[in-house]
file model17.txt (compact mmCIF, C-alpha atoms)
# COMPACT_ATOMS: atom_id res chain seq x y z
CA MET A 1 -119.85 162.00 117.94
CA GLU A 2 -122.00 158.89 117.38
CA GLU A 3 -119.44 157.21 115.17
CA ASP A 4 -116.92 157.14 118.01
CA ASN A 5 -119.28 155.13 120.17
CA HIS A 6 -119.09 152.17 117.78
CA LEU A 7 -115.28 151.91 117.69
CA PRO A 8 -113.93 148.99 119.78
CA THR A 9 -111.78 149.94 122.67
CA PRO A 10 -108.43 148.26 123.25
CA ALA A 11 -109.87 146.44 126.21
CA THR A 12 -112.72 145.11 124.13
CA SER A 13 -110.36 143.84 121.40
CA SER A 14 -108.10 142.18 123.90
CA SER A 15 -111.06 140.48 125.50
CA ALA A 16 -112.30 139.14 122.12
CA ALA A 17 -108.88 137.77 121.31
CA ALA A 18 -108.75 135.99 124.60
CA THR A 19 -112.18 134.51 123.95
CA ASP A 20 -111.03 133.27 120.49
CA HIS A 21 -108.00 131.49 121.93
CA SER A 22 -110.03 129.80 124.58
CA ASP A 23 -112.78 128.54 122.20
CA PRO A 24 -112.34 124.71 121.73
CA SER A 25 -114.21 124.69 118.37
CA LEU A 26 -111.67 127.07 116.88
CA HIS A 27 -108.85 124.83 118.07
CA ARG A 28 -110.45 121.85 116.32
CA LYS A 29 -110.94 123.77 113.07
CA HIS A 30 -107.36 124.97 113.16
CA ALA A 31 -106.02 121.46 113.74
CA ALA A 32 -108.17 120.04 110.92
CA MET A 33 -106.89 122.68 108.51
CA ILE A 34 -103.26 121.89 109.41
CA GLU A 35 -103.92 118.18 108.83
CA ARG A 36 -105.46 118.79 105.38
CA LEU A 37 -102.53 120.94 104.31
CA SER A 38 -100.09 118.27 105.51
CA ASN A 39 -101.93 115.53 103.59
CA LEU A 40 -102.04 117.67 100.45
CA HIS A 41 -98.30 118.27 100.61
CA GLN A 42 -97.62 114.56 101.15
CA ASN A 43 -99.82 113.56 98.17
CA ARG A 44 -98.01 116.01 95.91
CA SER A 45 -94.61 114.76 96.96
CA THR A 46 -95.52 111.09 96.39
CA ARG A 47 -97.60 111.53 93.22
CA LYS A 48 -96.36 109.41 90.33
CA PRO A 49 -95.31 111.31 87.19
CA ASP A 50 -97.49 111.10 84.09
CA PRO A 51 -96.24 108.02 82.14
CA GLU A 52 -97.15 109.56 78.79
CA SER A 53 -95.21 112.72 79.59
CA ASN A 54 -92.23 110.62 80.70
CA SER A 55 -92.47 108.55 77.51
CA THR A 56 -92.40 111.65 75.29
CA THR A 57 -89.52 113.18 77.27
CA SER A 58 -87.53 109.94 77.10
CA PHE A 59 -88.10 109.61 73.35
CA LEU A 60 -87.09 113.23 72.63
CA SER A 61 -83.96 112.86 74.75
CA ARG A 62 -82.94 109.70 72.89
CA PHE A 63 -83.83 111.22 69.51
CA PHE A 64 -81.84 114.42 69.93
CA GLN A 65 -78.84 112.59 71.41
CA SER A 66 -78.73 110.45 68.25
CA LYS A 67 -79.19 113.55 66.09
CA SER A 68 -76.27 115.32 67.79
CA SER A 69 -74.06 112.26 67.43
CA ILE A 70 -74.83 111.95 63.71
CA GLU A 71 -74.20 115.66 63.08
CA SER A 72 -70.89 115.54 64.98
CA THR A 73 -69.73 112.54 62.94
CA LEU A 74 -70.65 114.17 59.63
CA THR A 75 -68.94 117.42 60.60
CA ARG A 76 -65.77 115.54 61.51
CA ILE A 77 -65.81 113.59 58.22
CA ARG A 78 -66.31 116.81 56.25
CA GLN A 79 -63.23 118.34 57.93
CA THR A 80 -61.00 115.35 57.18
CA PRO A 81 -57.86 116.41 55.26
CA GLU A 82 -57.49 114.64 51.90
CA PRO A 83 -60.67 112.59 52.36
CA GLN A 84 -60.37 110.77 49.02
CA SER A 85 -57.26 108.98 50.26
CA ASP A 86 -58.89 107.84 53.50
CA PRO A 87 -60.42 104.33 53.01
CA THR A 88 -62.31 104.46 56.33
CA LEU A 89 -64.69 107.26 55.34
CA LYS A 90 -66.93 105.20 53.06
CA PRO A 91 -67.77 102.57 55.74
CA GLU A 92 -68.22 105.35 58.27
CA LEU A 93 -70.71 107.15 56.03
CA ASP A 94 -72.54 103.87 55.51
CA ASN A 95 -72.85 103.53 59.28
CA VAL A 96 -74.18 107.08 59.51
CA SER A 97 -76.85 106.25 56.92
CA ILE A 98 -77.83 103.19 58.96
CA SER A 99 -78.08 105.37 62.07
CA ILE A 100 -80.39 107.79 60.26
CA THR A 101 -82.56 104.89 59.10
CA ASN A 102 -82.76 103.61 62.67
CA LEU A 103 -83.69 107.08 63.84
CA GLU A 104 -86.50 107.19 61.29
CA LYS A 105 -87.73 103.80 62.50
CA LEU A 106 -87.66 105.10 66.07
CA VAL A 107 -90.01 107.92 65.09
CA ALA A 108 -92.34 105.50 63.31
CA GLU A 109 -92.43 103.12 66.29
CA ASN A 110 -93.31 105.93 68.71
CA SER A 111 -95.66 107.91 66.44
CA PHE A 112 -98.77 106.50 68.14
CA SER A 113 -97.81 107.93 71.54
CA LEU A 114 -96.30 111.25 70.43
CA PRO A 115 -98.09 114.55 69.80
CA SER A 116 -98.53 115.12 66.08
CA TYR A 117 -96.39 118.25 66.03
CA GLU A 118 -93.50 116.32 67.63
CA VAL A 119 -93.81 113.66 64.90
CA ARG A 120 -93.69 116.32 62.17
CA THR A 121 -90.69 118.03 63.76
CA CYS A 122 -88.78 114.75 64.10
CA LEU A 123 -89.54 113.69 60.51
CA LYS A 124 -88.31 117.07 59.29
CA THR A 125 -85.11 116.56 61.30
CA VAL A 126 -84.60 113.10 59.75
CA ALA A 127 -85.08 114.57 56.26
CA ASP A 128 -82.46 117.25 57.03
CA LEU A 129 -80.02 114.59 58.23
CA LYS A 130 -80.50 112.60 55.02
CA GLN A 131 -79.73 115.70 52.99
CA PHE A 132 -76.69 116.41 55.17
CA VAL A 133 -75.19 112.93 54.68
CA GLU A 134 -75.73 113.22 50.91
CA GLN A 135 -73.90 116.56 50.84
CA VAL A 136 -70.97 115.21 52.84
CA THR A 137 -70.80 112.08 50.67
CA CYS A 138 -70.64 114.19 47.51
CA GLU A 139 -67.87 116.30 49.01
CA VAL A 140 -65.57 113.59 50.31
CA ILE A 141 -66.13 110.69 47.87
CA PRO A 142 -67.95 112.10 44.81
CA ARG A 143 -66.46 109.65 42.33
CA LYS A 144 -67.50 106.55 44.26
CA LYS A 145 -71.03 107.85 44.73
CA PHE A 146 -71.32 108.59 41.01
CA ALA A 147 -70.05 105.13 40.05
CA PHE A 148 -72.45 103.49 42.49
CA LYS A 149 -75.45 105.22 40.93
CA ASN A 150 -74.44 104.16 37.42
CA LYS A 151 -74.02 100.58 38.54
CA SER A 152 -77.45 100.58 40.19
CA ALA A 153 -79.12 101.90 37.07
CA LYS A 154 -77.79 98.97 35.03
CA LYS A 155 -79.32 96.44 37.42
CA ILE A 156 -82.94 97.13 36.35
CA PRO A 157 -83.53 94.46 33.71
CA VAL A 158 -87.31 94.32 33.39
CA GLN A 159 -90.17 96.74 33.09
CA LYS A 160 -91.85 95.50 36.31
CA ASP A 161 -88.89 96.67 38.40
CA VAL A 162 -88.94 100.06 36.68
CA ALA A 163 -92.57 100.48 37.70
CA TYR A 164 -91.71 99.56 41.27
CA GLU A 165 -88.85 102.07 41.38
CA ASN A 166 -91.13 104.80 40.01
CA ARG A 167 -93.68 104.05 42.70
CA MET A 168 -91.07 104.23 45.44
CA ASP A 169 -89.69 107.50 44.04
CA THR A 170 -93.17 108.97 44.05
CA GLU A 171 -93.74 107.94 47.66
CA SER A 172 -90.45 109.40 48.84
CA GLN A 173 -90.89 112.71 47.03
CA GLY A 174 -94.44 113.17 48.28
CA SER A 175 -95.66 114.96 45.15
CA GLY A 176 -95.69 114.48 41.41
CA PHE A 177 -96.93 111.30 39.72
CA ARG A 178 -94.47 109.44 37.53
CA ILE A 179 -96.56 106.41 36.66
CA LEU A 180 -95.95 104.41 33.51
CA GLU A 181 -98.58 104.95 30.85
CA ASN A 182 -99.24 101.22 30.58
CA SER A 183 -100.14 100.85 34.27
CA PRO A 184 -103.75 99.63 34.55
CA GLY A 185 -106.37 102.14 35.58
CA PHE A 186 -109.19 104.51 34.63
CA ARG A 187 -108.17 107.68 32.79
CA ASP A 188 -109.90 110.60 31.05
CA LYS A 189 -113.50 109.68 31.91
CA LYS A 190 -116.59 111.83 32.52
CA ASN A 191 -119.99 110.95 33.95
CA GLU A 192 -119.31 107.19 34.08
CA ASP A 193 -119.66 104.31 36.54
CA LEU A 194 -116.25 102.62 36.68
CA VAL A 195 -115.96 99.17 38.28
CA LYS A 196 -112.92 96.92 38.73
CA GLU A 197 -112.59 93.62 40.64
CA PHE A 198 -109.02 92.65 41.57
CA ASN A 199 -107.97 89.01 42.03
CA ARG A 200 -111.24 87.89 40.47
CA GLY A 201 -110.85 86.08 37.17
CA ASN A 202 -107.61 85.90 35.23
CA ASP A 203 -106.17 89.34 36.00
CA GLY A 204 -103.47 87.98 38.29
CA GLU A 205 -101.91 90.29 40.85
CA ILE A 206 -101.99 93.98 39.91
CA ARG A 207 -99.08 95.86 41.46
CA GLU A 208 -100.62 99.32 41.09
CA PHE A 209 -103.75 100.97 39.76
CA VAL A 210 -104.27 104.52 38.52
CA LEU A 211 -107.25 106.89 38.64
CA SER A 212 -106.47 110.00 36.61
CA ASP A 213 -108.39 112.90 35.03
CA LEU A 214 -111.88 111.83 36.09
CA ARG A 215 -114.94 114.10 36.39
CA HIS A 216 -118.35 113.27 37.84
CA CYS A 217 -117.54 109.55 38.02
CA ASP A 218 -118.43 106.80 40.51
CA VAL A 219 -115.49 104.42 40.96
CA ARG A 220 -115.82 101.04 42.68
CA LEU A 221 -112.68 98.92 43.20
CA MET A 222 -113.18 95.52 44.87
CA GLY A 223 -110.51 93.09 46.02
CA CYS A 224 -106.87 93.86 46.91
CA VAL A 225 -104.27 95.92 45.04
CA ARG A 226 -100.66 96.74 45.87
CA ALA A 227 -100.75 100.52 45.38
CA LEU A 228 -103.25 103.14 44.24
CA PHE A 229 -102.49 106.48 42.58
CA VAL A 230 -105.20 109.14 42.31
CA ASN A 231 -104.62 112.30 40.29
CA LYS A 232 -106.86 115.15 39.09
CA LEU A 233 -110.35 114.08 40.13
CA ILE A 234 -113.31 116.47 40.37
CA ASP A 235 -116.78 115.70 41.77
CA CYS A 236 -116.11 111.96 42.00
CA LYS A 237 -117.01 109.21 44.46
CA VAL A 238 -114.31 106.58 44.94
CA TYR A 239 -114.93 103.34 46.87
CA VAL A 240 -111.83 101.17 47.33
CA GLY A 241 -111.16 97.81 48.96
CA PRO A 242 -107.87 97.05 50.79
CA VAL A 243 -104.58 98.46 49.46
CA PHE A 244 -101.52 96.48 50.63
CA GLY A 245 -99.15 99.44 50.32
CA SER A 246 -99.73 103.15 49.77
CA VAL A 247 -102.46 105.38 48.43
CA LEU A 248 -101.20 108.64 46.90
CA ILE A 249 -103.76 111.32 46.11
CA GLU A 250 -103.09 114.62 44.32
CA GLU A 251 -105.18 117.48 42.93
CA VAL A 252 -108.68 116.40 43.90
CA GLU A 253 -111.70 118.61 44.49
CA ASN A 254 -115.22 118.03 45.86
CA CYS A 255 -114.75 114.26 46.01
CA VAL A 256 -115.66 111.46 48.41
CA PHE A 257 -113.09 108.72 49.09
CA VAL A 258 -113.80 105.49 50.98
CA MET A 259 -110.59 103.46 51.23
CA ALA A 260 -108.44 101.16 53.39
CA SER A 261 -104.65 101.21 53.18
CA HIS A 262 -101.43 101.00 55.17
CA GLN A 263 -100.41 104.54 54.22
CA ILE A 264 -102.38 107.41 52.71
CA ARG A 265 -100.85 110.68 51.52
CA ILE A 266 -102.98 113.51 50.23
CA HIS A 267 -101.71 116.54 48.31
CA GLN A 268 -103.66 119.53 47.04
CA ALA A 269 -107.09 118.33 48.09
CA LYS A 270 -109.96 120.78 48.42
CA GLY A 271 -113.44 120.23 49.81
CA CYS A 272 -113.14 116.42 50.02
CA ASP A 273 -114.40 113.83 52.50
CA PHE A 274 -112.25 110.80 53.38
CA TYR A 275 -113.62 107.65 55.02
CA LEU A 276 -110.51 105.73 56.02
CA GLN A 277 -109.16 102.59 57.64
CA VAL A 278 -105.40 103.08 57.79
CA ARG A 279 -102.47 101.58 59.69
CA SER A 280 -100.46 104.81 59.94
CA ARG A 281 -101.49 108.43 60.31
CA PRO A 282 -102.96 109.98 57.15
CA ILE A 283 -100.80 112.79 55.80
CA ILE A 284 -102.09 115.94 54.08
CA GLU A 285 -100.13 118.72 52.40
CA ASP A 286 -101.29 121.90 50.67
CA SER A 287 -104.90 120.92 51.33
CA ASN A 288 -107.89 122.66 52.86
CA SER A 289 -111.51 121.98 53.83
CA VAL A 290 -110.92 118.23 54.01
CA ARG A 291 -112.87 116.08 56.49
CA PHE A 292 -112.29 112.59 57.87
CA ALA A 293 -114.49 109.74 59.10
CA PRO A 294 -114.15 105.95 59.65
CA TYR A 295 -114.25 103.42 56.82
CA CYS A 296 -117.77 102.34 55.84
CA LEU A 297 -117.41 100.07 52.79
CA LYS A 298 -119.04 96.68 52.25
CA TYR A 299 -118.97 94.08 49.51
CA ASP A 300 -118.98 90.28 49.31
CA GLY A 301 -115.68 89.02 50.72
CA ILE A 302 -114.38 92.32 52.09
CA GLU A 303 -113.69 90.84 55.54
CA LYS A 304 -111.35 88.25 54.02
CA ASP A 305 -109.65 90.88 51.87
CA LEU A 306 -109.06 93.14 54.88
CA GLU A 307 -107.52 90.30 56.87
CA GLU A 308 -105.22 89.31 53.99
CA ALA A 309 -104.05 92.92 53.71
CA ASN A 310 -103.51 93.11 57.49
CA LEU A 311 -106.15 95.84 57.70
CA GLY A 312 -108.81 93.97 59.64
CA GLU A 313 -108.14 95.84 62.87
CA GLU A 314 -109.55 99.33 63.37
CA THR A 315 -106.69 101.52 64.62
CA GLY A 316 -108.58 104.81 64.89
CA ASN A 317 -105.88 106.53 62.83
CA TRP A 318 -108.48 107.98 60.47
CA SER A 319 -108.77 110.83 62.99
CA ASN A 320 -104.99 111.20 63.66
CA VAL A 321 -104.23 113.35 60.63
CA ASP A 322 -100.83 114.99 60.14
CA ASP A 323 -100.72 118.25 58.19
CA PHE A 324 -97.09 118.52 57.08
CA LYS A 325 -97.47 122.21 56.23
CA TRP A 326 -98.83 123.06 59.69
CA LEU A 327 -96.02 123.01 62.25
CA ARG A 328 -97.76 124.69 65.17
CA ALA A 329 -98.80 122.79 68.27
CA VAL A 330 -102.48 123.66 67.84
CA GLN A 331 -104.99 121.88 65.58
CA SER A 332 -104.53 122.51 61.85
CA PRO A 333 -107.42 124.52 60.35
CA ASN A 334 -107.10 122.62 57.07
CA TRP A 335 -108.86 119.43 58.21
CA SER A 336 -111.62 118.40 60.59
CA ILE A 337 -113.65 115.41 61.78
CA LEU A 338 -116.77 114.84 59.69
CA PRO A 339 -119.84 115.31 61.96
CA GLU A 340 -121.71 112.06 62.54
CA ASN A 341 -125.01 113.46 61.27
CA GLU A 342 -123.35 114.25 57.92
CA ARG A 343 -121.57 110.92 57.41
CA LEU A 344 -122.47 108.23 54.92
CA GLY A 345 -124.02 105.03 56.18
CA THR A 346 -122.55 101.67 55.19
CA VAL A 347 -121.88 101.71 51.45
CA ASP A 348 -122.48 98.32 49.80
CA ILE A 349 -120.90 98.04 46.33
CA SER A 350 -121.48 94.29 45.89
CA ASN A 351 -123.86 94.79 42.94

call {"tool": "encode", "arguments": {"input": "model17.txt", "output": "structure tokens"}}
result
Amino acid sequence: MEEDNHLPTPATSSSAAATDHSDPSLHRKHAAMIERLSNLHQNRSTRKPDPESNSTTSFLSRFFQSKSSIESTLTRIRQTPEPQSDPTLKPELDNVSISITNLEKLVAENSFSLPSYEVRTCLKTVADLKQFVEQVTCEVIPRKKFAFKNKSAKKIPVQKDVAYENRMDTESQGSGFRILENSPGFRDKKNEDLVKEFNRGNDGEIREFVLSDLRHCDVRLMGCVRALFVNKLIDCKVYVGPVFGSVLIEEVENCVFVMASHQIRIHQAKGCDFYLQVRSRPIIEDSNSVRFAPYCLKYDGIEKDLEEANLGEETGNWSNVDDFKWLRAVQSPNWSILPENERLGTVDISN
């Protein structure tokens, strides 16, 4: 049959193989291929590890070693027989509290180089450790802890310190506004232009300022303030100069915020745009459809105010948002970067 005529005979195959082995060009190609494979293997074996990956691994190792040590100490203290008669437990618990504080500082110092989900996980771990040490303290020395709290409460002699404590409580709890009614601010306004200039005139230093229950208002705050609390705003535009401390925002809808601060926490925000200059990562919780862009405010003297508040340097943190209710490693669907073609230009509130 014709097909059989095209099949190579053993002699033909053997002859072709001999020709291949005697071809100098094939020898050169083969040698070049071996050399490339050898170089590739050598490069892989000598390649330096990724410094960022090493940094994250080193931090996590140090963090979880400290966590394990703290948990072991608290477990041992909890199992101490007759703990109320042991005078060493109180100093030991104090040292544990210091270790937890140091662990929290370690997270803060490394937050810029860590993935956001690692930061959230570590902060949750620190919060659990704080709760653990409180539980153990109540179990082993409840009377001393109770007496300490009563003594602390008596040390608040003036109204200014009460306001400061309320502000710190609000920051630590992360939700709920417990601001004194006599704190300065704008409240219960509709369809108004609201303007305030801090440190201009005879106002003196204002520790905190409140924006509450506003609808369809334009708010312009110039100068520096210690803390800003924003609660229950709808369809408002808020332009704020430097804030030395924290900005706490809760229950806002369809608003625009332009603000600079060291820390910004946002709760229950819906459909809002935030133009920020912030030293730490902005934090959102229970929020959705919120967008972020860089700070764009201008007024006479703002450069000086920003420098005095230590906010003159652009950190880029406006885009490093942490969603504390989104613990997955992928991007949270609750926030996004505001597209450049939809952003405001420079907003001048001088006049």

call {"tool": "residues_around", "arguments": {"input": "model17.txt", "residues": "Gly345 of chain A", "least_positions_apart": "6", "cutoff": "10 Å", "atoms": "all atoms listed in the file", "output": "ChimeraX atom specification"}}
result
/A:295-297

call {"tool": "residues_around", "arguments": {"input": "model17.txt", "residues": "Asn334 of chain A", "least_positions_apart": "6", "cutoff": "10 Å", "atoms": "only C-alpha atoms", "output": "short mmCIF file (atom, residue, chain, number, x, y, z; two decimals) with C-alpha atoms, keeping the file's coordinate frame"}}
result
data_model
loop_
_atom_site.label_atom_id
_atom_site.label_comp_id
_atom_site.auth_asym_id
_atom_site.auth_seq_id
_atom_site.Cartn_x
_atom_site.Cartn_y
_atom_site.Cartn_z
CA ALA A 269 -107.09 118.33 48.09
CA LYS A 270 -109.96 120.78 48.42
CA GLY A 271 -113.44 120.23 49.81
CA ILE A 284 -102.09 115.94 54.08
CA GLU A 285 -100.13 118.72 52.40
CA ASP A 286 -101.29 121.90 50.67
CA SER A 287 -104.90 120.92 51.33
CA ASN A 288 -107.89 122.66 52.86
CA SER A 289 -111.51 121.98 53.83
CA VAL A 290 -110.92 118.23 54.01
CA ARG A 291 -112.87 116.08 56.49
CA ASP A 323 -100.72 118.25 58.19
CA LYS A 325 -97.47 122.21 56.23
CA TRP A 326 -98.83 123.06 59.69
#

call {"tool": "closest_residue", "arguments": {"input": "model17.txt", "among": "A:Pro333, A:Pro184, A:Pro115, A:Gly316", "to": "Pro282 of chain A", "atoms": "all atoms listed in the file"}}
result
A:Gly316

call {"tool": "closest_residue", "arguments": {"input": "model17.txt", "among": "A:Leu37, A:Cys224, A:Leu214, A:Ala32", "to": "Cys236 of chain A", "atoms": "all atoms listed in the file"}}
result
A:Leu214

call {"tool": "closest_residue", "arguments": {"input": "model17.txt", "among": "A:Val321, A:Val133, A:Ala31, A:Leu338", "to": "Ser111 of chain A", "atoms": "only C-alpha atoms"}}
result
A:Val321

call {"tool": "atom_distance", "arguments": {"input": "model17.txt", "atom1": "atom CA of Glu118 of chain A", "atom2": "atom CA of Ser319 of chain A"}}
result
16.9 Å

call {"tool": "atom_distance", "arguments": {"input": "model17.txt", "atom1": "atom CA of Ala227 of chain A", "atom2": "atom CA of Glu303 of chain A"}}
result
19.1 Å

call {"tool": "residues_around", "arguments": {"input": "model17.txt", "residues": "Glu92 of chain A", "least_positions_apart": "4", "cutoff": "9 Å", "atoms": "all atoms listed in the file", "output": "PDB file with C-alpha atoms, keeping the file's coordinate frame"}}
result
ATOM      1  CA  THR A  73     -69.730 112.540  62.940  1.00  0.00           C
ATOM      2  CA  ILE A  77     -65.810 113.590  58.220  1.00  0.00           C
ATOM      3  CA  THR A  88     -62.310 104.460  56.330  1.00  0.00           C
ATOM      4  CA  VAL A  96     -74.180 107.080  59.510  1.00  0.00           C
ATOM      5  CA  SER A  97     -76.850 106.250  56.920  1.00  0.00           C
TER       6      SER A  97
END

call {"tool": "decode", "arguments": {"input": "model17.txt", "residues": "segment 222-231 of chain A", "atoms": "all heavy atoms", "output": "mmCIF file, in the first residue's frame"}}
result
data_model
loop_
_atom_site.group_PDB
_atom_site.id
_atom_site.type_symbol
_atom_site.label_atom_id
_atom_site.label_comp_id
_atom_site.auth_asym_id
_atom_site.auth_seq_id
_atom_site.Cartn_x
_atom_site.Cartn_y
_atom_site.Cartn_z
ATOM 1 N N MET A 222 -12.400 77.989 59.726
ATOM 2 C CA MET A 222 -11.037 78.423 59.429
ATOM 3 C C MET A 222 -10.226 78.550 60.701
ATOM 4 O O MET A 222 -10.755 78.880 61.769
ATOM 5 C CB MET A 222 -11.074 79.765 58.682
ATOM 6 C CG MET A 222 -11.629 79.652 57.271
ATOM 7 S SD MET A 222 -11.884 81.245 56.468
ATOM 8 C CE MET A 222 -13.443 81.740 57.215
ATOM 9 N N GLY A 223 -8.910 78.277 60.601
ATOM 10 C CA GLY A 223 -8.066 78.278 61.774
ATOM 11 C C GLY A 223 -7.945 76.872 62.337
ATOM 12 O O GLY A 223 -8.365 75.892 61.727
ATOM 13 N N CYS A 224 -7.359 76.751 63.542
ATOM 14 C CA CYS A 224 -7.083 75.445 64.150
ATOM 15 C C CYS A 224 -8.003 75.189 65.338
ATOM 16 O O CYS A 224 -8.342 76.097 66.086
ATOM 17 C CB CYS A 224 -5.626 75.377 64.615
ATOM 18 S SG CYS A 224 -4.413 75.580 63.301
ATOM 19 N N VAL A 225 -8.393 73.912 65.495
ATOM 20 C CA VAL A 225 -9.206 73.488 66.628
ATOM 21 C C VAL A 225 -8.642 72.165 67.123
ATOM 22 O O VAL A 225 -7.985 71.429 66.374
ATOM 23 C CB VAL A 225 -10.695 73.354 66.215
ATOM 24 C CG1 VAL A 225 -10.885 72.215 65.225
ATOM 25 C CG2 VAL A 225 -11.586 73.183 67.427
ATOM 26 N N ARG A 226 -8.873 71.863 68.401
ATOM 27 C CA ARG A 226 -8.306 70.651 68.995
ATOM 28 C C ARG A 226 -9.008 69.381 68.533
ATOM 29 O O ARG A 226 -8.378 68.363 68.265
ATOM 30 C CB ARG A 226 -8.366 70.743 70.523
ATOM 31 C CG ARG A 226 -7.398 71.748 71.105
ATOM 32 C CD ARG A 226 -5.974 71.259 70.945
ATOM 33 N NE ARG A 226 -5.010 72.293 71.316
ATOM 34 C CZ ARG A 226 -3.703 72.153 71.184
ATOM 35 N NH1 ARG A 226 -3.214 71.045 70.671
ATOM 36 N NH2 ARG A 226 -2.884 73.122 71.523
ATOM 37 N N ALA A 227 -10.314 69.384 68.482
ATOM 38 C CA ALA A 227 -11.074 68.194 68.093
ATOM 39 C C ALA A 227 -12.383 68.637 67.445
ATOM 40 O O ALA A 227 -12.917 69.704 67.756
ATOM 41 C CB ALA A 227 -11.348 67.305 69.306
ATOM 42 N N LEU A 228 -12.885 67.791 66.543
ATOM 43 C CA LEU A 228 -14.128 68.103 65.834
ATOM 44 C C LEU A 228 -15.043 66.890 65.877
ATOM 45 O O LEU A 228 -14.617 65.767 65.575
ATOM 46 C CB LEU A 228 -13.837 68.490 64.381
ATOM 47 C CG LEU A 228 -15.049 68.795 63.497
ATOM 48 C CD1 LEU A 228 -15.773 70.053 63.982
ATOM 49 C CD2 LEU A 228 -14.636 68.956 62.039
ATOM 50 N N PHE A 229 -16.296 67.118 66.266
ATOM 51 C CA PHE A 229 -17.300 66.067 66.329
ATOM 52 C C PHE A 229 -18.425 66.395 65.356
ATOM 53 O O PHE A 229 -18.990 67.490 65.405
ATOM 54 C CB PHE A 229 -17.850 65.935 67.749
ATOM 55 C CG PHE A 229 -16.795 65.624 68.771
ATOM 56 C CD1 PHE A 229 -16.141 66.642 69.441
ATOM 57 C CD2 PHE A 229 -16.445 64.324 69.052
ATOM 58 C CE1 PHE A 229 -15.160 66.377 70.377
ATOM 59 C CE2 PHE A 229 -15.458 64.035 69.982
ATOM 60 C CZ PHE A 229 -14.821 65.061 70.652
ATOM 61 N N VAL A 230 -18.755 65.448 64.494
ATOM 62 C CA VAL A 230 -19.773 65.651 63.462
ATOM 63 C C VAL A 230 -20.825 64.564 63.625
ATOM 64 O O VAL A 230 -20.510 63.366 63.601
ATOM 65 C CB VAL A 230 -19.149 65.594 62.051
ATOM 66 C CG1 VAL A 230 -20.211 65.839 60.994
ATOM 67 C CG2 VAL A 230 -18.016 66.598 61.920
ATOM 68 N N ASN A 231 -22.083 64.970 63.740
ATOM 69 C CA ASN A 231 -23.142 64.004 64.032
ATOM 70 C C ASN A 231 -24.445 64.400 63.338
ATOM 71 O O ASN A 231 -24.895 65.539 63.453
ATOM 72 C CB ASN A 231 -23.358 63.942 65.552
ATOM 73 C CG ASN A 231 -24.297 62.816 65.954
ATOM 74 O OD1 ASN A 231 -24.416 61.822 65.245
ATOM 75 N ND2 ASN A 231 -24.966 62.976 67.080
#
